[in-house]
$ cat query.tsv   # TSV, C-alpha atoms
chain	number	residue	atom	x	y	z
K	1	MET	CA	6.29	20.65	-12.95
K	2	LEU	CA	5.04	19.53	-9.55
K	3	ALA	CA	3.45	22.91	-8.98
K	4	ALA	CA	1.91	22.89	-12.46
K	5	THR	CA	0.40	19.44	-11.88
K	6	ALA	CA	-0.95	20.47	-8.48
K	7	PHE	CA	-2.51	23.57	-10.03
K	8	ALA	CA	-4.11	21.48	-12.76
K	9	VAL	CA	-5.53	19.12	-10.12
K	10	ILE	CA	-7.18	22.07	-8.41
K	11	ARG	CA	-8.55	23.70	-11.54
K	12	THR	CA	-9.96	20.75	-13.44
K	13	ARG	CA	-13.60	19.76	-12.89
K	14	SER	CA	-13.36	16.26	-14.29
K	15	LEU	CA	-12.64	13.86	-11.43
K	16	PHE	CA	-11.18	11.29	-13.81
K	17	ALA	CA	-8.55	13.82	-14.91
K	18	THR	CA	-7.93	14.71	-11.26
K	19	VAL	CA	-7.19	11.09	-10.38
K	20	MET	CA	-4.86	10.70	-13.34
K	21	LEU	CA	-3.08	13.97	-12.56
K	22	SER	CA	-2.53	12.94	-8.95
K	23	GLY	CA	-0.89	9.78	-10.32
K	24	VAL	CA	1.34	12.01	-12.45
K	25	PHE	CA	2.08	14.08	-9.35
K	26	SER	CA	3.20	10.92	-7.52
K	27	PHE	CA	5.50	9.92	-10.37
K	28	LEU	CA	7.05	13.39	-10.44
K	29	SER	CA	7.70	13.30	-6.70
K	30	ALA	CA	9.21	9.83	-7.14
K	31	LEU	CA	11.61	11.38	-9.66
K	32	LEU	CA	12.39	14.08	-7.12
K	33	PHE	CA	13.24	11.40	-4.54
K	34	VAL	CA	15.52	9.66	-7.04
K	35	THR	CA	17.44	12.90	-7.58
K	36	LEU	CA	17.79	13.14	-3.79
K	37	ASP	CA	19.27	9.58	-3.78
K	38	ALA	CA	16.37	8.18	-1.75
K	39	VAL	CA	15.72	5.26	-4.09
K	40	ASP	CA	13.69	3.21	-1.60
K	41	VAL	CA	11.33	6.10	-0.91
K	42	ALA	CA	10.99	6.79	-4.63
K	43	PHE	CA	10.14	3.13	-5.21
K	44	THR	CA	7.43	3.24	-2.56
K	45	GLU	CA	6.03	6.52	-3.87
K	46	ALA	CA	5.82	5.16	-7.41
K	47	ALA	CA	4.22	1.87	-6.34
K	48	VAL	CA	1.82	3.17	-3.68
K	49	GLY	CA	1.12	6.74	-4.78
K	50	ALA	CA	0.94	6.23	-8.49
K	51	GLY	CA	-0.12	2.60	-8.64
K	52	ILE	CA	-2.44	1.47	-5.89
K	53	SER	CA	-4.01	4.77	-4.87
K	54	THR	CA	-4.87	5.61	-8.47
K	55	VAL	CA	-6.63	2.28	-8.84
K	56	LEU	CA	-8.48	2.70	-5.54
K	57	MET	CA	-9.48	6.26	-6.49
K	58	LEU	CA	-10.80	4.94	-9.81
K	59	GLY	CA	-12.75	2.31	-7.88
K	60	THR	CA	-14.26	5.04	-5.72
K	61	LEU	CA	-14.91	7.18	-8.79
K	62	SER	CA	-17.06	4.49	-10.35
K	63	LEU	CA	-19.27	4.66	-7.24
K	64	THR	CA	-19.84	8.42	-7.56
K	65	SER	CA	-20.30	10.90	-10.36
K	66	ARG	CA	-17.63	11.89	-12.83
K	67	PHE	CA	-17.63	15.65	-12.31
K	68	GLU	CA	-17.39	17.73	-9.19
K	69	THR	CA	-20.13	20.25	-8.46
K	70	PRO	CA	-18.77	23.80	-8.34
K	71	SER	CA	-18.82	25.16	-4.80
K	72	PRO	CA	-21.03	28.25	-4.44
K	73	ARG	CA	-18.95	29.74	-1.61
K	74	SER	CA	-16.13	32.13	-2.23
K	75	SER	CA	-12.67	30.62	-2.00
K	76	PHE	CA	-11.08	33.78	-0.60
K	77	VAL	CA	-10.71	32.70	3.06
K	78	PRO	CA	-9.26	29.24	2.22
K	79	PHE	CA	-6.83	30.99	-0.15
K	80	ILE	CA	-5.59	33.25	2.66
K	81	VAL	CA	-5.21	30.25	5.02
K	82	VAL	CA	-3.21	28.33	2.41
K	83	CYS	CA	-0.97	31.34	1.74
K	84	VAL	CA	-0.24	31.86	5.46
K	85	THR	CA	0.48	28.16	6.02
K	86	GLY	CA	2.74	28.08	2.97
K	87	ALA	CA	4.62	31.16	4.14
K	88	ALA	CA	5.06	29.60	7.61
K	89	LEU	CA	6.44	26.42	6.06
K	90	VAL	CA	8.88	28.35	3.88
K	91	TYR	CA	9.92	30.37	6.93
K	92	GLY	CA	10.53	27.07	8.77
K	93	THR	CA	12.81	25.74	6.03
K	94	LEU	CA	15.08	28.78	6.43
K	95	ASP	CA	16.39	27.22	9.66
K	96	MET	CA	17.10	23.87	8.03
K	97	PRO	CA	20.71	22.97	7.17
K	98	ASN	CA	21.75	23.25	3.54
K	99	PHE	CA	21.15	20.29	1.25
K	100	GLY	CA	23.96	17.74	1.66
K	101	SER	CA	25.54	19.67	4.51
K	102	PRO	CA	27.82	17.40	6.61
K	103	ASP	CA	26.76	19.24	9.81
K	104	ALA	CA	23.08	18.35	9.37
K	105	PRO	CA	21.59	16.49	12.37
K	106	ALA	CA	20.78	13.54	10.14
K	107	GLN	CA	24.49	13.09	9.39
K	108	THR	CA	25.84	13.54	12.91
K	109	HIS	CA	23.53	11.55	15.23
K	110	VAL	CA	22.81	7.85	14.80
K	111	GLY	CA	23.32	7.73	11.03
K	112	PRO	CA	27.13	7.29	11.00
K	113	ASP	CA	26.83	4.89	13.93
K	114	TYR	CA	24.47	2.62	12.00
K	115	LEU	CA	26.62	2.83	8.89
K	116	ALA	CA	29.76	1.93	10.84
K	117	ARG	CA	28.19	-0.96	12.76
K	118	MET	CA	26.11	-2.42	9.97
K	119	PRO	CA	28.66	-4.25	7.77
K	120	HIS	CA	29.90	-6.52	10.54
K	121	GLU	CA	26.71	-6.70	12.63
K	122	VAL	CA	24.08	-7.30	9.99
K	123	GLY	CA	26.05	-7.94	6.82
K	124	VAL	CA	23.29	-6.77	4.48
K	125	PRO	CA	24.44	-4.42	1.73
K	126	ASN	CA	21.26	-2.32	1.57
K	127	ALA	CA	21.47	0.00	4.58
K	128	VAL	CA	17.81	0.97	4.37
K	129	THR	CA	16.65	-2.63	4.69
K	130	ALA	CA	19.08	-3.31	7.53
K	131	ILE	CA	17.95	-0.29	9.54
K	132	LEU	CA	14.28	-0.87	8.78
K	133	ALA	CA	14.12	-4.56	9.61
K	134	SER	CA	16.87	-5.00	12.15
K	135	TYR	CA	17.71	-1.86	14.14
K	136	ARG	CA	14.19	-0.48	13.81
K	137	GLY	CA	12.42	-3.84	13.91
K	138	PHE	CA	9.84	-2.65	16.44
K	139	ASP	CA	8.89	0.34	14.29
K	140	THR	CA	8.40	-1.86	11.27
K	141	LEU	CA	6.32	-4.30	13.29
K	142	GLY	CA	4.17	-1.35	14.33
K	143	GLU	CA	3.85	-0.20	10.72
K	144	THR	CA	2.77	-3.65	9.64
K	145	ALA	CA	0.21	-3.70	12.42
K	146	VAL	CA	-1.08	-0.30	11.25
K	147	VAL	CA	-1.45	-1.57	7.68
K	148	PHE	CA	-3.24	-4.64	9.06
K	149	ALA	CA	-5.56	-2.47	11.16
K	150	ALA	CA	-6.31	-0.28	8.14
K	151	GLY	CA	-7.24	-3.31	6.08
K	152	ILE	CA	-9.46	-4.68	8.83
K	153	GLY	CA	-11.09	-1.26	9.24
K	154	VAL	CA	-11.94	-0.93	5.56
K	155	MET	CA	-13.29	-4.46	5.51
K	156	LEU	CA	-15.45	-3.81	8.55
K	157	LEU	CA	-16.75	-0.50	7.21
K	158	ILE	CA	-17.51	-1.58	3.69
K	159	SER	CA	-18.22	-5.29	3.88
K	160	GLY	CA	-20.07	-4.91	7.20
K	161	LEU	CA	-22.73	-2.85	5.47
K	162	ARG	CA	-23.76	-5.79	3.34
K	163	ARG	CA	-23.89	-8.10	6.34
K	164	ARG	CA	-26.22	-5.70	8.17
K	165	ARG	CA	-28.51	-5.42	5.20
K	166	ARG	CA	-28.74	-9.19	5.09
K	167	ASP	CA	-29.56	-9.18	8.81
K	168	GLU	CA	-32.29	-6.62	8.21
K	169	ASP	CA	-33.76	-8.92	5.60
K	170	LEU	CA	-33.78	-11.86	7.98
K	171	PRO	CA	-36.10	-10.60	10.75
K	172	GLU	CA	-38.92	-9.90	8.30
K	173	PRO	CA	-39.93	-13.52	7.70
K	174	ASP	CA	-39.71	-14.01	11.46
K	175	HIS	CA	-42.09	-11.12	12.00
K	176	ASP	CA	-44.53	-12.52	9.45
K	177	ARG	CA	-44.47	-15.88	11.12
K	178	LYS	CA	-45.36	-14.34	14.47
K	179	GLU	CA	-48.33	-12.58	12.94
K	180	GLN	CA	-49.51	-15.81	11.45
K	181	VAL	CA	-49.29	-17.51	14.84
R	1	MET	CA	-13.83	-5.14	-20.72
R	2	ARG	CA	-14.61	-7.97	-23.12
R	3	HIS	CA	-13.88	-5.94	-26.25
R	4	HIS	CA	-10.49	-4.63	-25.29
R	5	LEU	CA	-8.41	-7.26	-27.03
R	6	ILE	CA	-5.11	-5.37	-26.74
R	7	LEU	CA	-5.57	-4.77	-23.03
R	8	ARG	CA	-6.41	-8.42	-22.43
R	9	VAL	CA	-3.43	-9.78	-24.36
R	10	ILE	CA	-0.97	-7.32	-22.83
R	11	THR	CA	-2.32	-8.02	-19.34
R	12	LYS	CA	-1.90	-11.76	-19.83
R	13	MET	CA	1.70	-11.15	-20.82
R	14	LEU	CA	2.42	-8.68	-18.05
R	15	VAL	CA	0.83	-10.29	-14.99
R	16	GLY	CA	3.45	-13.02	-14.75
R	17	THR	CA	6.25	-10.50	-15.12
R	18	ILE	CA	4.72	-8.30	-12.43
R	19	PHE	CA	4.59	-11.23	-10.00
R	20	LEU	CA	8.18	-12.16	-10.85
R	21	PHE	CA	9.30	-8.57	-10.30
R	22	ALA	CA	7.45	-8.46	-6.98
R	23	LEU	CA	9.23	-11.61	-5.81
R	24	TYR	CA	12.54	-10.13	-6.95
R	25	VAL	CA	11.91	-6.90	-5.04
R	26	GLN	CA	10.85	-8.96	-2.04
R	27	PHE	CA	13.78	-11.32	-1.78
R	28	HIS	CA	16.46	-9.10	-3.27
R	29	GLY	CA	15.58	-6.29	-0.88
R	30	ASP	CA	18.75	-6.99	1.12
R	31	TYR	CA	20.92	-6.02	-1.84
R	32	SER	CA	18.94	-3.51	-3.85
R	33	PRO	CA	16.21	-0.96	-3.20
R	34	GLY	CA	12.95	-2.50	-2.17
R	35	GLY	CA	11.54	-4.72	0.50
R	36	GLY	CA	8.32	-6.05	1.90
R	37	PHE	CA	6.19	-2.93	1.54
R	38	GLN	CA	7.08	-2.28	-2.08
R	39	ALA	CA	6.93	-5.96	-3.04
R	40	GLY	CA	3.52	-6.34	-1.40
R	41	VAL	CA	2.15	-3.39	-3.31
R	42	ILE	CA	3.56	-4.62	-6.63
R	43	MET	CA	2.17	-8.10	-6.01
R	44	ALA	CA	-1.24	-6.67	-5.15
R	45	SER	CA	-1.21	-4.48	-8.27
R	46	GLY	CA	-0.64	-7.64	-10.31
R	47	PHE	CA	-3.78	-9.16	-8.84
R	48	ILE	CA	-5.75	-5.93	-9.17
R	49	ILE	CA	-4.85	-5.43	-12.83
R	50	TYR	CA	-6.03	-8.99	-13.49
R	51	GLY	CA	-9.27	-8.21	-11.69
R	52	LEU	CA	-9.74	-4.94	-13.62
R	53	ILE	CA	-9.18	-6.36	-17.08
R	54	PHE	CA	-10.83	-9.74	-16.65
R	55	SER	CA	-13.52	-9.78	-14.00
R	56	LEU	CA	-13.71	-9.70	-10.24
R	57	GLU	CA	-15.24	-13.19	-10.28
R	58	LYS	CA	-12.30	-14.63	-12.20
R	59	LEU	CA	-9.84	-12.98	-9.83
R	60	GLN	CA	-11.70	-14.35	-6.83
R	61	LEU	CA	-11.48	-17.83	-8.30
R	62	VAL	CA	-7.69	-17.44	-8.35
R	63	PHE	CA	-7.37	-15.60	-5.04
R	64	PRO	CA	-10.50	-16.26	-2.97
R	65	PRO	CA	-11.48	-13.66	-0.33
R	66	TRP	CA	-11.18	-16.10	2.58
R	67	LEU	CA	-7.54	-16.71	1.62
R	68	VAL	CA	-6.92	-12.95	1.46
R	69	HIS	CA	-8.33	-12.52	4.95
R	70	LYS	CA	-6.15	-15.32	6.31
R	71	LEU	CA	-3.05	-13.86	4.62
R	72	LEU	CA	-3.75	-10.46	6.18
R	73	ALA	CA	-3.28	-11.87	9.63
R	74	LEU	CA	-0.62	-14.43	8.68
R	75	GLY	CA	1.90	-11.71	7.76
R	76	VAL	CA	1.64	-9.93	11.10
R	77	LEU	CA	1.75	-13.26	12.94
R	78	LEU	CA	4.88	-14.26	11.00
R	79	TYR	CA	6.56	-10.99	12.00
R	80	ALA	CA	5.50	-11.16	15.65
R	81	GLY	CA	6.22	-14.89	15.73
R	82	THR	CA	9.84	-14.23	14.77
R	83	GLY	CA	10.05	-12.02	17.84
R	84	ILE	CA	8.49	-14.72	20.03
R	85	TYR	CA	10.94	-17.26	18.62
R	86	SER	CA	13.91	-15.12	19.59
R	87	LEU	CA	12.35	-14.61	23.05
R	88	LEU	CA	12.12	-18.38	23.47
R	89	GLY	CA	15.75	-18.68	22.42
R	90	GLY	CA	16.75	-16.42	25.32
R	91	TYR	CA	17.41	-13.26	23.27
R	92	ALA	CA	15.68	-9.89	23.16
R	93	TYR	CA	12.43	-9.57	21.22
R	94	LEU	CA	13.14	-9.44	17.47
R	95	ASP	CA	16.87	-10.11	17.98
R	96	TYR	CA	17.56	-12.20	14.89
R	97	THR	CA	20.75	-13.62	16.34
R	98	ALA	CA	18.48	-16.25	17.88
R	99	LEU	CA	17.86	-17.75	14.44
R	100	SER	CA	21.49	-18.82	14.11
R	101	PRO	CA	23.38	-18.32	17.40
R	102	HIS	CA	26.75	-19.49	16.10
R	103	HIS	CA	26.75	-17.16	13.13
R	104	PRO	CA	24.97	-13.90	14.04
R	105	GLU	CA	25.23	-12.45	10.53
R	106	HIS	CA	23.40	-15.42	9.05
R	107	GLY	CA	20.77	-15.01	11.76
R	108	GLN	CA	20.32	-11.34	10.86
R	109	HIS	CA	20.04	-12.23	7.20
R	110	LEU	CA	17.45	-14.93	7.82
R	111	GLY	CA	15.55	-12.75	10.28
R	112	ILE	CA	15.30	-9.85	7.84
R	113	LEU	CA	14.18	-12.22	5.10
R	114	ILE	CA	11.39	-13.74	7.25
R	115	VAL	CA	10.25	-10.41	8.63
R	116	GLU	CA	10.16	-8.82	5.18
R	117	ALA	CA	8.18	-11.79	3.92
R	118	GLY	CA	5.68	-11.16	6.71
R	119	VAL	CA	5.42	-7.49	5.75
R	120	GLY	CA	4.98	-8.41	2.08
R	121	ILE	CA	2.22	-10.92	2.80
R	122	THR	CA	0.28	-8.49	4.97
R	123	VAL	CA	0.60	-5.61	2.50
R	124	THR	CA	-0.51	-7.80	-0.41
R	125	GLY	CA	-3.46	-9.04	1.63
R	126	VAL	CA	-4.53	-5.58	2.76
R	127	MET	CA	-4.31	-4.03	-0.71
R	128	VAL	CA	-6.25	-6.86	-2.35
R	129	ALA	CA	-8.80	-6.86	0.50
R	130	ILE	CA	-9.37	-3.11	0.07
R	131	TYR	CA	-9.75	-3.60	-3.67
R	132	TYR	CA	-12.28	-6.40	-3.09
R	133	ALA	CA	-14.19	-4.25	-0.62
R	134	PHE	CA	-14.48	-1.43	-3.18
R	135	ALA	CA	-14.98	-3.54	-6.26
R	136	ALA	CA	-17.68	-5.71	-4.73
R	137	ARG	CA	-19.86	-2.60	-4.33
R	138	THR	CA	-19.23	-1.28	-7.81
R	139	PRO	CA	-21.77	-1.71	-10.55
R	140	ILE	CA	-19.97	-3.07	-13.60
R	141	ILE	CA	-18.96	-0.19	-15.83
R	142	ASN	CA	-20.05	-0.26	-19.45
R	143	ASP	CA	-17.30	-0.26	-22.04
R	144	GLU	CA	-18.74	2.89	-23.62
R	145	GLU	CA	-18.39	4.90	-20.41
R	146	TRP	CA	-14.62	4.79	-20.45
$ encode --input "query.tsv" --output "structure tokens"
Amino acid sequence: MLAATAFAVIRTRSLFATVMLSGVFSFLSALLFVTLDAVDVAFTEAAVGAGISTVLMLGTLSLTSRFETPSPRSSFVPFIVVCVTGAALVYGTLDMPNFGSPDAPAQTHVGPDYLARMPHEVGVPNAVTAILASYRGFDTLGETAVVFAAGIGVMLLISGLRRRRRDEDLPEPDHDRKEQV
Amino acid sequence: MRHHLILRVITKMLVGTIFLFALYVQFHGDYSPGGGFQAGVIMASGFIIYGLIFSLEKLQLVFPPWLVHKLLALGVLLYAGTGIYSLLGGYAYLDYTALSPHHPEHGQHLGILIVEAGVGITVTGVMVAIYYAFAARTPIINDEEW
């Protein structure tokens, strides 16, 4: 279903349908995360991927046209590049441990250590929250700072344009006054 | 969207529930899936849906842009301030034991709660600020175009 949705996103010309289908894609991957028992990630995917980005894409869509212009160039070379990259990725997964394998690096390194120390050190039942906010507090602080920087960047880029236009309007009366003098 | 009666009524009913759910995800994140990031996004989507269905002006009456910009920074400051507080208490940066030295588990609990609140505030602020930045440039869409 994921593949079918991705294919539909590529084929359709209507950008509105593309935005909606990418929302559907996010929901499907959220379901995938739920089946993998990563409920927190699924939650984030559903809220961010399907919720907010769809709305922001719709906001962008209302600034541009509704249909994409067909590209005149042949899509043969990009197709080859995508195939090679996909094959390389699949080849890479061959080395990965089997799903749920107890010997996987994720199960043998710090994971068991956190799980053993957490109940008496942090005392918070949700392990993801405990690791995120307590053991990995610096990382989360960095993430928050990144989100903050992104927000500031968008505000500077988009709201700054209006400010500049207002500034461009201002000098004109000044100029006129000089001529009058 | 003045003619969409069903959308308006349903939105009025849902917005409160969305906010309540966001607060639940925020403060129940210690016990169930969720936390600051998810709660912030849900909270912001509550505001954005209000802005989409009613108008941007009405939303900005409720949640003015200057407040959004302050909240953006407040969340990060709250997070970093927790770290400073534990530094002043003689502990390592972001060591929540400082919040309750006699009962480290309570300190951890409180620390996670405060830090997640900071994350939630920043994420809400950023999402709403991005929405404002986009929506303020948008010509209002006619009902027929949908």
$ interface_residues --input "query.tsv" --of "chain R" --to "chain K" --cutoff "7 Å" --atoms "only C-alpha atoms" --output "MDAnalysis selection string"
chainID R and resid 29:35 38 41:42 45 72 76 79 94 105 108:109 112 119 122:123 126 129:131 133:135 138
$ residues_around --input "query.tsv" --residues "range 27-29 of chain K" --least-positions-apart "4" --cutoff "9 Å" --atoms "only C-alpha atoms" --output "PyMOL selection string"
chain K and resi 1-2+22-23+33-34+42+45-46+49-50
$ residues_around --input "query.tsv" --residues "Gly40 in chain R" --least-positions-apart "5" --cutoff "7 Å" --atoms "only C-alpha atoms" --output "list in words"
Gly120, Ile121, Val123 and Thr124 of chain R
$ atom_distance --input "query.tsv" --atom1 "CA of Val81 in chain K" --atom2 "CA of Phe99 in chain K"
28.4 Å
$ atom_distance --input "query.tsv" --atom1 "CA of Thr5 in chain K" --atom2 "CA of Ile53 in chain R"
28.0 Å
$ atom_distance --input "query.tsv" --atom1 "CA of Ala73 in chain R" --atom2 "CA of Gly125 in chain R"
8.5 Å
$ closest_residue --input "query.tsv" --among "R:Ala80, R:Ile10, R:Val15, R:Val25" --to "Phe47 in chain R" --atoms "only C-alpha atoms"
R:Val15
$ residues_around --input "query.tsv" --residues "range 12-14 of chain R" --least-positions-apart "4" --cutoff "12 Å" --atoms "all atoms listed in the file" --output "ChimeraX atom specification"
/R:5-8,18-21,45-47,49-51,53-54
$ closest_residue --input "query.tsv" --among "R:Gly118, R:Gly36, R:Pro104, R:Pro65" --to "Leu78 in chain R" --atoms "only C-alpha atoms"
R:Gly118
$ closest_residue --input "query.tsv" --among "R:Val9, R:Ile48, R:Asp95, R:His102" --to "Gly81 in chain R" --atoms "only C-alpha atoms"
R:Asp95
$ closest_residue --input "query.tsv" --among "K:Thr54, K:Pro97, K:Thr108, K:Ile131" --to "Leu15 in chain K" --atoms "all atoms listed in the file"
K:Thr54
$ build_atoms --input "query.tsv" --residues "range 115-134 of chain K" --atoms "N, CA, C and O atoms" --output "mmCIF file, in the coordinates of the input"
data_model
loop_
_atom_site.group_PDB
_atom_site.id
_atom_site.type_symbol
_atom_site.label_atom_id
_atom_site.label_comp_id
_atom_site.auth_asym_id
_atom_site.auth_seq_id
_atom_site.Cartn_x
_atom_site.Cartn_y
_atom_site.Cartn_z
ATOM 1 N N LEU K 115 25.842 3.172 10.080
ATOM 2 C CA LEU K 115 26.620 2.830 8.890
ATOM 3 C C LEU K 115 27.924 2.149 9.269
ATOM 4 O O LEU K 115 28.415 1.283 8.555
ATOM 5 N N ALA K 116 28.498 2.547 10.430
ATOM 6 C CA ALA K 116 29.760 1.930 10.840
ATOM 7 C C ALA K 116 29.534 0.535 11.400
ATOM 8 O O ALA K 116 30.353 -0.355 11.196
ATOM 9 N N ARG K 117 28.410 0.335 12.122
ATOM 10 C CA ARG K 117 28.190 -0.960 12.760
ATOM 11 C C ARG K 117 27.601 -1.989 11.812
ATOM 12 O O ARG K 117 27.774 -3.192 12.009
ATOM 13 N N MET K 118 26.902 -1.506 10.782
ATOM 14 C CA MET K 118 26.110 -2.420 9.970
ATOM 15 C C MET K 118 26.903 -3.514 9.263
ATOM 16 O O MET K 118 26.519 -4.680 9.353
ATOM 17 N N PRO K 119 28.019 -3.198 8.578
ATOM 18 C CA PRO K 119 28.660 -4.250 7.770
ATOM 19 C C PRO K 119 29.044 -5.484 8.577
ATOM 20 O O PRO K 119 28.921 -6.604 8.075
ATOM 21 N N HIS K 120 29.507 -5.309 9.812
ATOM 22 C CA HIS K 120 29.900 -6.520 10.540
ATOM 23 C C HIS K 120 28.812 -7.032 11.467
ATOM 24 O O HIS K 120 28.875 -8.166 11.927
ATOM 25 N N GLU K 121 27.775 -6.209 11.753
ATOM 26 C CA GLU K 121 26.710 -6.700 12.630
ATOM 27 C C GLU K 121 25.574 -7.363 11.854
ATOM 28 O O GLU K 121 25.030 -8.374 12.278
ATOM 29 N N VAL K 122 25.207 -6.761 10.741
ATOM 30 C CA VAL K 122 24.080 -7.300 9.990
ATOM 31 C C VAL K 122 24.557 -7.959 8.703
ATOM 32 O O VAL K 122 24.065 -9.020 8.316
ATOM 33 N N GLY K 123 25.507 -7.339 8.023
ATOM 34 C CA GLY K 123 26.050 -7.940 6.820
ATOM 35 C C GLY K 123 25.115 -7.907 5.638
ATOM 36 O O GLY K 123 25.159 -8.750 4.762
ATOM 37 N N VAL K 124 24.206 -6.920 5.604
ATOM 38 C CA VAL K 124 23.290 -6.770 4.480
ATOM 39 C C VAL K 124 23.674 -5.503 3.730
ATOM 40 O O VAL K 124 23.783 -4.448 4.361
ATOM 41 N N PRO K 125 23.915 -5.589 2.434
ATOM 42 C CA PRO K 125 24.440 -4.420 1.730
ATOM 43 C C PRO K 125 23.504 -3.212 1.698
ATOM 44 O O PRO K 125 23.964 -2.081 1.672
ATOM 45 N N ASN K 126 22.182 -3.441 1.666
ATOM 46 C CA ASN K 126 21.260 -2.320 1.570
ATOM 47 C C ASN K 126 21.004 -1.760 2.977
ATOM 48 O O ASN K 126 20.331 -2.375 3.800
ATOM 49 N N ALA K 127 21.550 -0.579 3.236
ATOM 50 C CA ALA K 127 21.470 0.000 4.580
ATOM 51 C C ALA K 127 20.030 0.256 4.995
ATOM 52 O O ALA K 127 19.677 0.088 6.159
ATOM 53 N N VAL K 128 19.197 0.657 4.013
ATOM 54 C CA VAL K 128 17.810 0.970 4.370
ATOM 55 C C VAL K 128 17.104 -0.259 4.908
ATOM 56 O O VAL K 128 16.434 -0.213 5.942
ATOM 57 N N THR K 129 17.285 -1.394 4.223
ATOM 58 C CA THR K 129 16.650 -2.630 4.690
ATOM 59 C C THR K 129 17.172 -3.020 6.052
ATOM 60 O O THR K 129 16.396 -3.419 6.934
ATOM 61 N N ALA K 130 18.488 -2.901 6.251
ATOM 62 C CA ALA K 130 19.080 -3.310 7.530
ATOM 63 C C ALA K 130 18.513 -2.473 8.664
ATOM 64 O O ALA K 130 18.123 -3.015 9.704
ATOM 65 N N ILE K 131 18.448 -1.148 8.465
ATOM 66 C CA ILE K 131 17.950 -0.290 9.540
ATOM 67 C C ILE K 131 16.467 -0.560 9.779
ATOM 68 O O ILE K 131 16.006 -0.692 10.911
ATOM 69 N N LEU K 132 15.720 -0.693 8.671
ATOM 70 C CA LEU K 132 14.280 -0.870 8.780
ATOM 71 C C LEU K 132 13.920 -2.165 9.506
ATOM 72 O O LEU K 132 13.084 -2.178 10.402
ATOM 73 N N ALA K 133 14.561 -3.251 9.119
ATOM 74 C CA ALA K 133 14.120 -4.560 9.610
ATOM 75 C C ALA K 133 14.881 -4.994 10.846
ATOM 76 O O ALA K 133 14.384 -5.790 11.624
ATOM 77 N N SER K 134 16.084 -4.489 11.040
ATOM 78 C CA SER K 134 16.870 -5.000 12.150
ATOM 79 C C SER K 134 16.948 -3.998 13.303
ATOM 80 O O SER K 134 16.449 -4.247 14.385
#
